[in-house]
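Novice: Dropping in target_0.pdb, with PDB, C-alpha atoms, pLDDT in the B column.
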ATOM      1  CA  MET A   6     -82.971 104.654  14.239  1.00 59.00           C
ATOM      2  CA  LYS A   7     -83.789 103.658  17.805  1.00 70.00           C
ATOM      3  CA  THR A   8     -87.082 102.185  16.632  1.00 76.00           C
ATOM      4  CA  ILE A   9     -85.309  99.889  14.180  1.00 75.00           C
ATOM      5  CA  GLN A  10     -82.853  98.735  16.835  1.00 73.00           C
ATOM      6  CA  LYS A  11     -85.712  98.064  19.259  1.00 74.00           C
ATOM      7  CA  PHE A  12     -87.572  96.138  16.563  1.00 78.00           C
ATOM      8  CA  LYS A  13     -84.518  94.045  15.723  1.00 76.00           C
ATOM      9  CA  SER A  14     -83.900  93.198  19.365  1.00 73.00           C
ATOM     10  CA  CYS A  15     -87.519  92.161  19.925  1.00 74.00           C
ATOM     11  CA  ALA A  16     -87.620  90.151  16.722  1.00 77.00           C
ATOM     12  CA  ILE A  17     -84.414  88.289  17.560  1.00 74.00           C
ATOM     13  CA  ALA A  18     -85.686  87.525  21.053  1.00 73.00           C
ATOM     14  CA  ALA A  19     -88.996  86.271  19.637  1.00 76.00           C
ATOM     15  CA  VAL A  20     -87.259  84.038  17.100  1.00 73.00           C
ATOM     16  CA  ILE A  21     -85.023  82.532  19.759  1.00 71.00           C
ATOM     17  CA  LEU A  22     -87.928  81.958  22.128  1.00 69.00           C
ATOM     18  CA  LEU A  23     -90.164  80.414  19.478  1.00 69.00           C
ATOM     19  CA  SER A  24     -87.439  78.215  18.089  1.00 64.00           C
ATOM     20  CA  ALA A  25     -86.603  76.918  21.552  1.00 65.00           C
ATOM     21  CA  VAL A  26     -90.193  76.275  22.646  1.00 69.00           C
ATOM     22  CA  GLY A  27     -92.214  75.634  19.520  1.00 67.00           C
ATOM     23  CA  CYS A  28     -89.889  73.347  17.590  1.00 65.00           C
ATOM     24  CA  SER A  29     -89.497  70.408  19.944  1.00 73.00           C
ATOM     25  CA  GLY A  30     -91.426  68.002  17.706  1.00 80.00           C
ATOM     26  CA  MET A  31     -90.166  69.315  14.379  1.00 82.00           C
ATOM     27  CA  SER A  32     -87.591  67.752  12.117  1.00 87.00           C
ATOM     28  CA  SER A  33     -84.300  69.512  11.467  1.00 86.00           C
ATOM     29  CA  GLN A  34     -85.508  70.630   8.043  1.00 88.00           C
ATOM     30  CA  ASP A  35     -88.750  72.007   9.497  1.00 87.00           C
ATOM     31  CA  LYS A  36     -86.802  73.975  12.092  1.00 83.00           C
ATOM     32  CA  SER A  37     -84.534  75.431   9.418  1.00 88.00           C
ATOM     33  CA  THR A  38     -87.544  76.428   7.333  1.00 89.00           C
ATOM     34  CA  ALA A  39     -89.187  78.187  10.288  1.00 85.00           C
ATOM     35  CA  VAL A  40     -86.009  79.988  11.334  1.00 85.00           C
ATOM     36  CA  GLY A  41     -85.312  81.007   7.736  1.00 90.00           C
ATOM     37  CA  ALA A  42     -88.819  82.417   7.394  1.00 90.00           C
ATOM     38  CA  GLY A  43     -88.465  84.362  10.625  1.00 87.00           C
ATOM     39  CA  VAL A  44     -85.085  85.797   9.733  1.00 89.00           C
ATOM     40  CA  GLY A  45     -86.260  86.568   6.210  1.00 91.00           C
ATOM     41  CA  ALA A  46     -89.338  88.382   7.516  1.00 89.00           C
ATOM     42  CA  VAL A  47     -87.234  90.536   9.821  1.00 87.00           C
ATOM     43  CA  GLY A  48     -84.730  91.240   7.056  1.00 89.00           C
ATOM     44  CA  GLY A  49     -87.464  92.076   4.574  1.00 89.00           C
ATOM     45  CA  ALA A  50     -89.165  94.396   7.032  1.00 87.00           C
ATOM     46  CA  ILE A  51     -85.934  96.221   7.798  1.00 87.00           C
ATOM     47  CA  LEU A  52     -84.853  96.566   4.177  1.00 89.00           C
ATOM     48  CA  THR A  53     -88.237  97.866   2.998  1.00 88.00           C
ATOM     49  CA  GLY A  54     -89.028 100.114   5.938  1.00 86.00           C
ATOM     50  CA  GLY A  55     -91.652  97.789   7.368  1.00 81.00           C
ATOM     51  CA  SER A  56     -93.776  97.296   4.281  1.00 84.00           C
ATOM     52  CA  THR A  57     -96.053  94.286   4.236  1.00 85.00           C
ATOM     53  CA  ALA A  58     -94.839  93.131   0.844  1.00 89.00           C
ATOM     54  CA  GLY A  59     -91.214  93.270   1.963  1.00 89.00           C
ATOM     55  CA  THR A  60     -91.942  91.351   5.150  1.00 87.00           C
ATOM     56  CA  VAL A  61     -93.962  88.633   3.406  1.00 90.00           C
ATOM     57  CA  GLY A  62     -91.467  88.416   0.547  1.00 92.00           C
ATOM     58  CA  GLY A  63     -88.573  88.128   2.973  1.00 91.00           C
ATOM     59  CA  ALA A  64     -90.378  85.410   4.909  1.00 91.00           C
ATOM     60  CA  ALA A  65     -91.060  83.450   1.720  1.00 93.00           C
ATOM     61  CA  VAL A  66     -87.490  83.691   0.476  1.00 94.00           C
ATOM     62  CA  GLY A  67     -86.055  82.907   3.917  1.00 92.00           C
ATOM     63  CA  GLY A  68     -88.325  79.890   4.314  1.00 91.00           C
ATOM     64  CA  VAL A  69     -87.261  78.466   0.952  1.00 94.00           C
ATOM     65  CA  VAL A  70     -83.586  79.036   1.701  1.00 94.00           C
ATOM     66  CA  GLY A  71     -83.908  77.462   5.146  1.00 91.00           C
ATOM     67  CA  HIS A  72     -85.735  74.480   3.655  1.00 91.00           C
ATOM     68  CA  GLU A  73     -83.147  73.914   0.965  1.00 93.00           C
ATOM     69  CA  ILE A  74     -80.170  74.216   3.299  1.00 89.00           C
ATOM     70  CA  LYS A  75     -81.239  71.195   5.360  1.00 75.00           C
ATOM     71  CA  LYS A  76     -82.209  68.999   2.407  1.00 72.00           C
TER      72      LYS A  76
END
Will you turn the file into structure tokens for me?
Specialist:
Amino acid sequence: MKTIQKFKSCAIAAVILLSAVGCSGMSSQDKSTAVGAGVGAVGGAILTGGSTAGTVGGAAVGGVVGHEIKK
């Protein structure tokens, strides 16, 4: 349980850092896509116990949702 909490904290910190630094030249829709993919990857990893398929699937779904929200 502590490992999952540590992972979530690190992932959230990484998403915040990358979104603040790496997205300065991106459009609003691009930022939403990137954040959605990041959140989806973390969610997929947590829900599937860290499996690669769950992480990649979560990232794909999150990216699509983030893209469509800012359309």
Novice: Would you kindly return, as a PyMOL selection string, each protein, DNA or RNA residue with an atom no farther than 9 Å from any atom of Ala16 (chain A), considering all atoms listed in the file and excluding same-chain residues fewer than 3 positions away?
Specialist: chain A and resi 11-13+19-21+43-44+47
Novice: Take the residues from that selection and put them in a file with C-alpha atoms, as a PDB file, keeping the file's coordinate frame.
Specialist:
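Listed below is the output, result_13.pdb:
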ATOM      1  CA  LYS A  11     -85.712  98.064  19.259  1.00 74.00           C
ATOM      2  CA  PHE A  12     -87.572  96.138  16.563  1.00 78.00           C
ATOM      3  CA  LYS A  13     -84.518  94.045  15.723  1.00 76.00           C
ATOM      4  CA  ALA A  19     -88.996  86.271  19.637  1.00 76.00           C
ATOM      5  CA  VAL A  20     -87.259  84.038  17.100  1.00 73.00           C
ATOM      6  CA  ILE A  21     -85.023  82.532  19.759  1.00 71.00           C
ATOM      7  CA  GLY A  43     -88.465  84.362  10.625  1.00 87.00           C
ATOM      8  CA  VAL A  44     -85.085  85.797   9.733  1.00 89.00           C
ATOM      9  CA  VAL A  47     -87.234  90.536   9.821  1.00 87.00           C
TER      10      VAL A  47
END
Novice: Any idea what's packed within 10 Å of Ser33 (chain A), counting all atoms listed in the file, ignoring anything in its chain fewer than 6 positions away? Could you give it as an MDAnalysis selection string?
Specialist: chainID A and resid 72 75:76
Novice: Would you mind listing what lies within 8 Å of region 60-66 of chain A as a list of chain:residue names, with only C-alpha atoms counted and same-chain residues fewer than 5 positions away left out?
Specialist: A:Gly41, A:Ala42, A:Gly43, A:Val44, A:Gly45, A:Ala46, A:Val47, A:Gly48, A:Gly49, A:Ala50, A:Thr53, A:Gly55
Novice: What is the CA of Gly59 (chain A)-CA of Ser14 (chain A) distance in Å, reported with one decimal?
Specialist: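 One can read the CA of Gly59 (chain A) to CA of Ser14 (chain A) distance as 18.9 Å.
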